[in-house]
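Pasted below: input-v9.cif, mmCIF, C-alpha atoms.
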data_structure
loop_
_atom_site.label_atom_id
_atom_site.label_comp_id
_atom_site.auth_asym_id
_atom_site.auth_seq_id
_atom_site.Cartn_x
_atom_site.Cartn_y
_atom_site.Cartn_z
CA MET A 209 0.00 0.00 0.00
CA PRO A 210 2.78 2.54 0.77
CA SER A 211 4.50 1.59 -2.49
CA MET A 212 1.28 2.09 -4.46
CA ALA A 213 0.78 5.49 -2.83
CA GLN A 214 4.31 6.57 -3.73
CA ALA A 215 3.90 5.31 -7.30
CA TYR A 216 0.66 7.27 -7.61
CA ALA A 217 2.43 10.42 -6.41
CA ARG A 218 5.24 9.98 -8.94
CA TRP A 219 2.70 9.43 -11.71
CA VAL A 220 0.45 12.35 -10.90
CA ASN A 221 3.41 14.72 -10.39
CA ALA A 222 4.92 13.63 -13.72
CA HIS A 223 1.67 14.82 -15.33
CA GLY A 224 1.46 18.25 -13.71
CA GLY A 225 0.27 17.30 -10.23
CA ILE A 226 -3.31 17.54 -9.03
CA ASP A 227 -4.82 20.73 -10.42
CA GLY A 228 -1.31 22.16 -10.40
CA HIS A 229 -0.50 21.01 -6.86
CA LYS A 230 2.45 18.71 -6.24
CA LEU A 231 1.38 15.61 -4.33
CA GLN A 232 3.67 14.71 -1.45
CA VAL A 233 3.03 11.33 0.18
CA LEU A 234 4.35 10.54 3.65
CA THR A 235 4.11 6.94 4.87
CA CYS A 236 4.14 5.62 8.42
CA ASN A 237 4.37 2.05 9.74
CA GLU A 238 2.24 1.49 12.83
CA HIS A 239 3.57 -2.10 13.26
CA ASN A 240 -0.02 -3.25 13.88
CA THR A 241 -0.17 -1.73 17.37
CA ALA A 242 -2.54 0.83 18.89
CA THR A 243 0.45 2.86 20.08
CA GLY A 244 1.93 2.87 16.60
CA ALA A 245 -1.38 3.88 15.05
CA ALA A 246 -1.70 6.83 17.43
CA GLU A 247 1.89 7.88 16.72
CA CYS A 248 1.29 7.79 12.97
CA ALA A 249 -1.84 9.91 13.38
CA ARG A 250 0.07 12.43 15.50
CA ARG A 251 2.74 12.55 12.81
CA ALA A 252 0.06 13.39 10.24
CA VAL A 253 -1.03 16.27 12.48
CA LYS A 254 2.55 17.49 12.97
CA GLU A 255 3.23 17.40 9.22
CA ASN A 256 0.02 19.35 8.48
CA ALA A 257 -1.28 16.57 6.27
CA VAL A 258 -4.41 17.47 4.32
CA ALA A 259 -5.64 13.86 4.55
CA VAL A 260 -4.75 10.33 5.57
CA VAL A 261 -5.39 8.27 2.45
CA GLY A 262 -5.71 4.59 1.61
CA SER A 263 -4.38 3.19 4.85
CA TYR A 264 -4.75 -0.10 6.71
CA SER A 265 -5.21 -0.31 10.47
CA GLN A 266 -7.17 -2.39 12.93
CA HIS A 267 -6.77 0.33 15.58
CA GLY A 268 -9.37 2.86 14.50
CA ARG A 269 -9.98 4.20 17.97
CA ALA A 270 -6.27 5.01 18.39
CA PHE A 271 -5.75 6.84 15.10
CA MET A 272 -9.13 8.50 14.53
CA ALA A 273 -9.13 10.52 17.77
CA PRO A 274 -5.98 12.56 16.89
CA LEU A 275 -7.22 13.05 13.32
CA GLU A 276 -10.64 14.22 14.50
CA ALA A 277 -9.07 16.66 16.98
CA ALA A 278 -6.96 18.17 14.20
CA GLY A 279 -9.73 18.11 11.57
CA ILE A 280 -7.92 15.77 9.15
CA PRO A 281 -10.11 13.53 6.95
CA TYR A 282 -9.48 9.80 6.63
CA ILE A 283 -10.14 8.78 3.02
CA GLY A 284 -10.46 5.20 1.87
CA GLY A 285 -9.28 3.05 4.74
CA TYR A 286 -9.16 -0.70 4.17
CA GLY A 287 -12.37 -1.25 6.12
CA VAL A 288 -11.30 -3.29 9.14
CA SER A 289 -12.00 -0.92 12.04
CA ASP A 290 -15.41 0.13 13.32
CA GLU A 291 -14.42 3.81 13.49
CA GLU A 292 -14.04 3.91 9.71
CA PHE A 293 -17.80 3.51 9.47
CA THR A 294 -18.84 5.75 12.36
CA SER A 295 -16.46 8.74 12.49
CA ALA A 296 -17.76 11.91 10.86
CA LEU A 297 -14.28 12.49 9.36
CA SER A 298 -14.01 9.07 7.75
CA TYR A 299 -14.84 8.71 4.05
CA PRO A 300 -14.65 4.98 3.21
CA VAL A 301 -14.60 3.76 -0.40
CA ASN A 302 -15.78 0.23 0.36
CA GLY A 303 -18.20 -1.31 2.84
CA GLY A 304 -15.61 -3.10 4.92
CA GLN A 305 -16.07 -6.54 6.37
CA ALA A 306 -19.76 -5.90 7.03
CA THR A 307 -20.69 -5.81 3.34
CA LEU A 308 -18.51 -8.83 2.61
CA LEU A 309 -20.21 -10.99 5.22
CA ALA A 310 -23.67 -9.88 4.17
CA GLY A 311 -22.70 -10.63 0.58
CA THR A 312 -21.26 -14.03 1.49
CA GLY A 313 -24.60 -14.97 3.02
CA LYS A 314 -26.39 -14.05 -0.20
CA GLN A 315 -23.81 -15.88 -2.31
CA LEU A 316 -23.92 -19.08 -0.26
CA ALA A 317 -27.71 -19.05 0.02
CA VAL A 318 -27.87 -20.08 -3.65
CA TRP A 319 -25.95 -23.31 -3.10
CA CYS A 320 -25.76 -24.28 0.55
CA GLU A 321 -28.37 -26.06 2.66
CA LYS A 322 -26.15 -25.86 5.75
CA VAL A 323 -23.47 -23.29 6.51
CA ALA A 324 -20.85 -23.29 9.27
CA LEU A 325 -19.08 -20.01 10.09
CA VAL A 326 -15.68 -20.06 11.82
CA ARG A 327 -14.91 -16.65 13.26
CA PRO A 328 -12.93 -14.95 16.05
CA ASP A 329 -14.38 -14.96 19.56
CA THR A 330 -14.18 -11.19 19.90
CA VAL A 331 -16.55 -8.26 20.18
CA SER A 332 -16.09 -7.44 16.49
CA GLY A 333 -16.55 -11.12 15.65
CA ASP A 334 -19.89 -11.26 17.45
CA ILE A 335 -21.65 -9.33 14.69
CA MET A 336 -20.38 -11.65 11.96
CA PRO A 337 -23.13 -14.31 12.35
CA LEU A 338 -25.82 -11.62 12.25
CA LEU A 339 -24.47 -10.26 8.96
CA LEU A 340 -23.98 -13.68 7.39
CA ASN A 341 -27.38 -14.92 8.54
CA SER A 342 -29.14 -11.86 7.15
CA GLY A 343 -27.68 -12.74 3.77
CA LEU A 344 -28.67 -16.39 4.12
CA THR A 345 -32.21 -15.34 5.02
CA THR A 346 -32.61 -13.61 1.67
CA GLY A 347 -32.25 -17.06 0.10
CA HIS A 348 -34.62 -18.65 2.63
CA ARG A 349 -31.81 -20.58 4.31
CA LYS A 350 -31.43 -21.41 7.99
CA PRO A 351 -28.92 -19.50 10.18
CA SER A 352 -25.34 -20.66 10.09
CA ALA A 353 -23.63 -22.71 12.78
CA ASP A 354 -21.53 -20.25 14.78
CA ILE A 355 -18.08 -21.65 15.62
CA ARG A 356 -15.94 -19.33 17.72
CA THR A 357 -12.19 -19.54 18.07
CA THR A 358 -9.08 -17.51 18.90
CA GLU A 359 -7.41 -15.32 16.31
CA ASP A 360 -3.87 -16.46 17.08
CA ALA A 361 -4.11 -20.26 17.15
CA GLY A 362 -1.43 -22.31 15.43
CA ASP A 363 -3.84 -25.15 14.66
CA TYR A 364 -7.61 -25.26 14.12
CA THR A 365 -8.23 -29.00 13.93
CA PRO A 366 -11.07 -29.07 16.53
CA GLN A 367 -12.84 -26.14 14.84
CA ALA A 368 -12.37 -27.72 11.39
CA GLN A 369 -13.88 -30.99 12.61
CA GLU A 370 -16.84 -29.21 14.17
CA ALA A 371 -17.39 -27.11 11.04
CA LEU A 372 -17.52 -30.24 8.88
CA VAL A 373 -20.08 -31.89 11.13
CA ARG A 374 -22.23 -28.76 11.34
CA ALA A 375 -22.11 -28.35 7.55
CA GLY A 376 -23.41 -31.89 7.03
CA ALA A 377 -20.18 -33.89 6.64
CA ASP A 378 -20.31 -35.95 9.82
CA PRO A 379 -17.69 -38.73 9.48
CA GLU A 380 -20.19 -41.21 10.96
CA LEU A 381 -22.75 -40.63 8.21
CA PRO A 382 -21.36 -43.06 5.59
CA GLY A 383 -21.84 -45.91 8.04
CA LYS A 384 -25.41 -44.83 8.71
CA ILE A 385 -26.78 -43.79 5.32
CA GLY A 386 -24.18 -45.09 2.87
CA LYS A 387 -21.20 -43.45 1.13
CA LYS A 388 -23.11 -41.99 -1.82
CA ALA A 389 -25.86 -40.45 0.31
CA ALA A 390 -23.26 -39.04 2.71
CA ALA A 391 -21.32 -37.54 -0.19
CA ASP A 392 -24.47 -35.97 -1.62
CA ARG A 393 -25.37 -34.45 1.75
CA ALA A 394 -21.86 -33.05 2.25
CA ARG A 395 -21.88 -31.52 -1.21
CA LYS A 396 -24.79 -29.30 -0.16
CA GLY A 397 -22.92 -27.97 2.88
CA CYS A 398 -20.59 -24.97 3.11
CA VAL A 399 -17.85 -23.90 5.50
CA THR A 400 -16.75 -20.28 5.57
CA ALA A 401 -13.91 -18.95 7.71
CA VAL A 402 -13.25 -15.27 8.39
CA LEU A 403 -10.10 -15.15 10.48
CA GLY A 404 -7.97 -12.56 8.71
CA ALA A 405 -4.35 -13.70 8.43
CA ARG A 406 -5.20 -16.94 10.26
CA THR A 407 -7.68 -18.05 7.62
CA GLU A 408 -4.84 -19.82 5.82
CA THR A 409 -4.00 -21.69 9.03
CA PHE A 410 -7.62 -22.76 9.46
CA PHE A 411 -7.94 -24.14 5.94
CA ASP A 412 -4.63 -25.95 6.32
CA SER A 413 -6.14 -27.75 9.33
CA PHE A 414 -9.40 -28.19 7.42
CA ARG A 415 -7.71 -29.85 4.48
CA ARG A 416 -6.09 -32.42 6.75
CA VAL A 417 -9.35 -33.52 8.40
CA GLU A 418 -11.78 -33.36 5.46
CA ASP A 419 -12.75 -36.76 4.09
CA GLU A 420 -12.23 -37.16 0.33
CA GLY A 421 -15.61 -38.87 0.16
CA GLN A 422 -17.45 -36.03 1.92
CA LYS A 423 -16.36 -32.80 0.26
CA VAL A 424 -18.08 -29.56 1.27
CA GLN A 425 -17.96 -26.18 -0.43
CA ILE A 426 -15.60 -23.65 1.18
CA ALA A 427 -15.88 -19.87 1.18
CA SER A 428 -14.38 -16.71 2.63
CA VAL A 429 -14.12 -12.98 2.07
CA LEU A 430 -11.59 -10.64 0.53
CA GLY A 431 -8.99 -9.76 3.11
CA SER A 432 -9.07 -13.23 4.62
CA VAL A 433 -8.44 -14.83 1.22
CA GLY A 434 -7.11 -13.03 -1.85
CA GLN A 435 -5.15 -13.76 -5.02
CA PRO A 436 -1.72 -13.44 -3.33
CA LEU A 437 -2.72 -16.12 -0.78
CA ILE A 438 -4.17 -18.36 -3.48
CA ASP A 439 -0.91 -18.10 -5.44
CA ARG A 440 1.22 -18.76 -2.36
CA THR A 441 -0.72 -21.91 -1.40
CA GLY A 442 -0.53 -23.66 -4.74
CA GLY A 443 -2.97 -21.93 -7.07
CA ALA A 444 -5.11 -24.46 -8.93
CA ASP A 445 -3.60 -27.29 -6.88
CA GLY A 446 -4.08 -25.49 -3.55
CA PRO A 447 -6.83 -25.67 -0.94
CA PHE A 448 -8.79 -22.70 -2.29
CA GLU A 449 -9.54 -24.07 -5.74
CA GLY A 450 -13.32 -23.82 -6.21
CA ALA A 451 -13.80 -21.57 -3.18
CA TYR A 452 -16.43 -18.82 -3.22
CA ILE A 453 -15.00 -15.42 -2.31
CA THR A 454 -16.96 -12.21 -1.76
CA GLY A 455 -15.08 -9.04 -2.73
CA TRP A 456 -15.53 -5.30 -2.90
CA TYR A 457 -14.30 -4.75 -6.43
CA PRO A 458 -14.13 -6.51 -9.81
CA GLU A 459 -11.61 -9.37 -10.04
CA ALA A 460 -8.00 -8.36 -10.64
CA GLY A 461 -8.04 -9.38 -14.31
CA ASP A 462 -10.93 -7.03 -15.12
CA ALA A 463 -10.17 -4.38 -17.76
CA ARG A 464 -11.32 -1.63 -15.39
CA TRP A 465 -8.05 -2.02 -13.47
CA GLU A 466 -5.95 -1.18 -16.54
CA PRO A 467 -5.35 2.51 -15.57
CA MET A 468 -3.88 1.34 -12.24
CA ARG A 469 -1.78 -1.32 -13.93
CA GLN A 470 -0.49 1.30 -16.36
CA VAL A 471 0.63 3.52 -13.48
CA ILE A 472 2.41 0.55 -11.89
CA ARG A 473 4.16 -0.22 -15.18
CA GLU A 474 5.23 3.40 -15.61
CA GLN A 475 6.24 4.25 -12.08
CA ALA A 476 6.86 1.03 -10.16
CA PHE A 477 7.80 -1.68 -12.63
CA ARG A 478 10.77 -2.73 -10.44
CA ASP A 479 8.89 -2.58 -7.15
CA GLN A 480 8.12 -6.13 -6.06
CA ASN A 481 6.02 -4.81 -3.16
CA ILE A 482 3.13 -3.89 -5.44
CA ASP A 483 0.73 -6.66 -6.40
CA ALA A 484 -2.09 -5.35 -8.57
CA ALA A 485 -4.28 -8.23 -7.36
CA ASP A 486 -3.97 -7.20 -3.71
CA ALA A 487 -7.09 -5.60 -2.22
CA GLY A 488 -4.97 -3.11 -0.26
CA VAL A 489 -3.26 -1.91 -3.43
CA GLN A 490 -6.63 -1.64 -5.17
CA THR A 491 -8.17 0.30 -2.28
CA THR A 492 -5.18 2.67 -2.28
CA TRP A 493 -5.70 3.38 -5.98
CA ILE A 494 -9.38 4.16 -5.45
CA ALA A 495 -8.66 6.31 -2.38
CA TYR A 496 -6.17 8.46 -4.30
CA THR A 497 -8.67 8.72 -7.14
CA VAL A 498 -11.03 10.27 -4.57
CA LEU A 499 -8.34 12.64 -3.28
CA LYS A 500 -7.54 13.81 -6.82
CA LYS A 501 -11.18 14.47 -7.66
CA VAL A 502 -11.83 16.39 -4.45
CA ILE A 503 -8.77 18.63 -4.87
CA GLU A 504 -9.67 19.32 -8.48
CA SER A 505 -13.20 20.29 -7.42
CA LEU A 506 -11.79 22.97 -5.09
CA ASP A 507 -9.94 24.88 -7.83
CA LYS A 508 -7.85 26.69 -5.20
CA ASN A 509 -4.21 27.71 -4.95
CA ASP A 510 -3.99 26.68 -1.29
CA VAL A 511 -5.58 23.45 -0.12
CA ALA A 512 -6.14 22.62 3.55
CA ALA A 513 -7.73 19.69 5.34
CA HIS A 514 -10.88 21.65 6.14
CA ASP A 515 -11.33 22.39 2.42
CA LEU A 516 -11.43 18.67 1.67
CA ILE A 517 -13.89 18.00 4.48
CA ARG A 518 -16.20 20.77 3.29
CA ALA A 519 -16.15 19.48 -0.30
CA LEU A 520 -16.76 15.89 0.78
CA ASN A 521 -19.62 16.85 3.08
CA LYS A 522 -21.24 19.05 0.43
CA GLY A 523 -21.47 16.10 -1.92
CA VAL A 524 -18.58 16.02 -4.37
CA SER A 525 -19.13 12.88 -6.46
CA VAL A 526 -16.33 10.59 -7.56
CA GLU A 527 -16.40 8.23 -10.52
CA THR A 528 -13.91 5.37 -10.27
CA GLY A 529 -14.12 3.97 -13.77
CA GLY A 530 -16.65 1.33 -12.76
CA LEU A 531 -14.53 -0.12 -9.93
CA THR A 532 -17.18 1.07 -7.45
CA PRO A 533 -20.53 2.79 -7.77
CA THR A 534 -20.35 6.60 -7.82
CA LEU A 535 -18.98 7.62 -4.43
CA ARG A 536 -20.53 10.48 -2.45
CA TRP A 537 -20.65 11.18 1.28
CA LYS A 538 -23.62 13.50 1.83
CA PHE A 539 -25.93 12.70 4.73
CA GLU A 540 -28.57 11.22 2.45
CA ASP A 541 -25.97 8.80 1.04
CA MET A 542 -25.35 7.22 4.43
CA LEU A 543 -26.69 3.80 5.42
CA ALA A 544 -29.69 3.56 7.72
CA ALA A 545 -27.80 1.30 10.12
CA PRO A 546 -26.43 2.66 13.41
CA ASP A 547 -23.53 0.17 13.51
CA PHE A 548 -21.98 1.43 10.26
CA PRO A 549 -23.68 4.64 9.09
CA ARG A 550 -20.69 5.87 7.03
CA ILE A 551 -20.97 3.07 4.50
CA VAL A 552 -21.82 4.69 1.18
CA ASN A 553 -20.64 1.82 -1.03
CA ARG A 554 -22.86 -1.16 -0.23
CA GLU A 555 -22.06 -3.20 -3.33
CA VAL A 556 -20.01 -6.39 -3.49
CA THR A 557 -18.83 -8.83 -6.14
CA PHE A 558 -19.22 -12.60 -6.14
CA GLN A 559 -16.09 -14.46 -7.20
CA VAL A 560 -14.89 -18.05 -7.41
CA VAL A 561 -11.39 -19.53 -7.59
CA LYS A 562 -11.11 -21.22 -10.97
CA ALA A 563 -7.82 -22.63 -12.29
CA GLY A 564 -6.06 -20.83 -9.47
CA ARG A 565 -7.44 -17.38 -10.30
CA LEU A 566 -10.21 -15.31 -8.77
CA THR A 567 -12.84 -14.96 -11.47
CA ALA A 568 -16.32 -13.48 -11.56
CA ALA A 569 -18.97 -15.92 -10.36
CA GLN A 570 -21.69 -13.43 -11.29
CA ARG A 571 -21.59 -10.39 -13.52
CA GLY A 572 -21.78 -6.95 -11.96
CA PHE A 573 -22.27 -5.85 -8.38
CA THR A 574 -24.75 -6.99 -5.73
CA ASP A 575 -26.28 -4.39 -3.41
CA VAL A 576 -26.47 -5.53 0.22
CA SER A 577 -28.02 -2.37 1.72
CA ALA A 578 -31.19 -4.08 2.92
CA THR A 579 -29.21 -7.00 4.33
CA LEU A 580 -26.99 -4.65 6.36
CA GLU A 581 -29.98 -2.75 7.68
CA ASP A 582 -31.70 -6.00 8.67
CA ALA A 583 -28.58 -7.22 10.48
CA SER A 584 -28.21 -3.91 12.29
CA ALA A 585 -31.84 -4.05 13.44
CA LEU A 586 -31.33 -7.59 14.79
CA GLY A 587 -28.10 -6.60 16.53
#
Structure rendered as structure tokens:
Amino acid sequence: MPSMAQAYARWVNAHGGIDGHKLQVLTCNEHNTATGAAECARRAVKENAVAVVGSYSQHGRAFMAPLEAAGIPYIGGYGVSDEEFTSALSYPVNGGQATLLAGTGKQLAVWCEKVALVRPDTVSGDIMPLLLNSGLTTGHRKPSADIRTTEDAGDYTPQAQEALVRAGADPELPGKIGKKAAADRARKGCVTAVLGARTETFFDSFRRVEDEGQKVQIASVLGSVGQPLIDRTGGADGPFEGAYITGWYPEAGDARWEPMRQVIREQAFRDQNIDAADAGVQTTWIAYTVLKKVIESLDKNDVAAHDLIRALNKGVSVETGGLTPTLRWKFEDMLAAPDFPRIVNREVTFQVVKAGRLTAAQRGFTDVSATLEDASALG
């Protein structure tokens, strides 16, 4: 993400800047700690940054407070902290994990008679079943089996075994109803895991305990599983072949990403840190697209943070070349859900891993607004 931001700055400055303004990008590594996040936010204040753009942090409470006190907008975070969808100075470009889970429920409802969800036993994890189940309900499916676990386990064998049973692949079934009937029942079951970086660990355990004669469908969301992970674990021969994945944007091979790929070729062709298929890189590109549009809309010699906030709040609209719906952050664009009111992009994409690549499972976007509102009402 920092490399993509720097490449964007080099590209835009090589073409005259943004409305004549040179773009200077400062990066800061928070080392995935609350203290580090707060320090990075304080650095943004000290440097008089006009915005924090396209960042990733799980520590929203730590970094948003300093930004709010200084009046600095947060544009296009990755979507993993609650504050990104509640702070009045946050302008997200995707719907975060909430939209992905709601979308996963809708996607799995088409195929799965039973669904088991493996998720972290945390406060943020507690809302996951509500979101997933709201999506399943749209397809007239029963609620998922909720399997809680720790986020830092080195092995998930017990959870994998439970998930298989709850999805309809009980190892005792072949002896009771016959191998063919057991296989048919398992085929209608689904296991989805949303454990962030530990999702790979879970499916490694899952692969070791799953019976070849009782295969279930597996699924996850962008951020827990993405193209870099699929490549690293064997591609078409890896554990994610055939998996359903819910994403925020079109698949990486879509032609709508060509402008971003062109910038990478021009400005970062030797930078191995930039993977155009990575959701963080893609979100960074969209976030800087927003920044560019907002600055251009100001048509001012001097640009300050409060100018960006005023333009965003007044309803400047941003087209992203079809990578998202038109983005706008006026009050009437907000979601009628108290848990995540700042979500203005409620659309997701359904993808499937085919021949080792994430490909579109369904054309276009799916709007999950009603699903999110239903889940919020239940919560």
_So the first atom is CA of Ala257 (chain A) and the second is CA of Lys500 (chain A); what is the distance between them in Å, to one decimal place?_
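Value for the CA of Ala257 (chain A)-CA of Lys500 (chain A) distance: 14.8 Å.
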*Between CA of Ala317 (chain A) and CA of Asp329 (chain A), distance in Å (one decimal)*: 24.0 Å
*Within 10 Å of Pro337 (chain A), counting only C-alpha atoms, which residues show up once you throw out same-chain ones fewer than 6 positions away? Write them as a ChimeraX atom specification, please.*
/A:309-310,313,324-327,343,351-355,583
Quick one: write out the picked residues with C-alpha atoms as a PDB file, in the frame of the given file?
ATOM      1  CA  LEU A 309     -20.210 -10.990   5.220  1.00  0.00           C
ATOM      2  CA  ALA A 310     -23.670  -9.880   4.170  1.00  0.00           C
ATOM      3  CA  GLY A 313     -24.600 -14.970   3.020  1.00  0.00           C
ATOM      4  CA  ALA A 324     -20.850 -23.290   9.270  1.00  0.00           C
ATOM      5  CA  LEU A 325     -19.080 -20.010  10.090  1.00  0.00           C
ATOM      6  CA  VAL A 326     -15.680 -20.060  11.820  1.00  0.00           C
ATOM      7  CA  ARG A 327     -14.910 -16.650  13.260  1.00  0.00           C
ATOM      8  CA  GLY A 343     -27.680 -12.740   3.770  1.00  0.00           C
ATOM      9  CA  PRO A 351     -28.920 -19.500  10.180  1.00  0.00           C
ATOM     10  CA  SER A 352     -25.340 -20.660  10.090  1.00  0.00           C
ATOM     11  CA  ALA A 353     -23.630 -22.710  12.780  1.00  0.00           C
ATOM     12  CA  ASP A 354     -21.530 -20.250  14.780  1.00  0.00           C
ATOM     13  CA  ILE A 355     -18.080 -21.650  15.620  1.00  0.00           C
ATOM     14  CA  ALA A 583     -28.580  -7.220  10.480  1.00  0.00           C
TER      15      ALA A 583
END
*Write out as a ChimeraX atom specification which residues come within 10 Å of Asp486 (chain A) when counting only C-alpha atoms, dropping same-chain ones fewer than 6 positions away.*
/A:209,430-431,434-437,460
*Atomic distance CA of Pro458 (chain A) - CA of Gly262 (chain A), expressed in Å with one decimal*: 18.0 Å
*Which is closest to Ser432 (chain A) among A:Leu308, A:Ala391, A:Ala246, A:Cys320, if we use only C-alpha atoms?*
A:Leu308
*Which polymer residues have any atom within 9 Å of an atom of region 371-379 of chain A, counting all atoms listed in the file, with same-chain residues fewer than 3 positions away left out, as a count of residues only?*
33
*Can you list, as a list in words, the residues that the PyMOL selection byres ((chain A and resi 534) around 12) selects here?*
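Selected by the PyMOL selection byres ((chain A and resi 534) around 12) in this file: Val301, Asn302, Ile494, Thr497, Val498, Gly523, Val524, Ser525, Val526, Glu527, Thr528, Gly529, Gly530, Leu531, Thr532, Pro533, Leu535, Arg536, Trp537, Asp541, Val552, Asn553, Arg554 and Glu555 of chain A.
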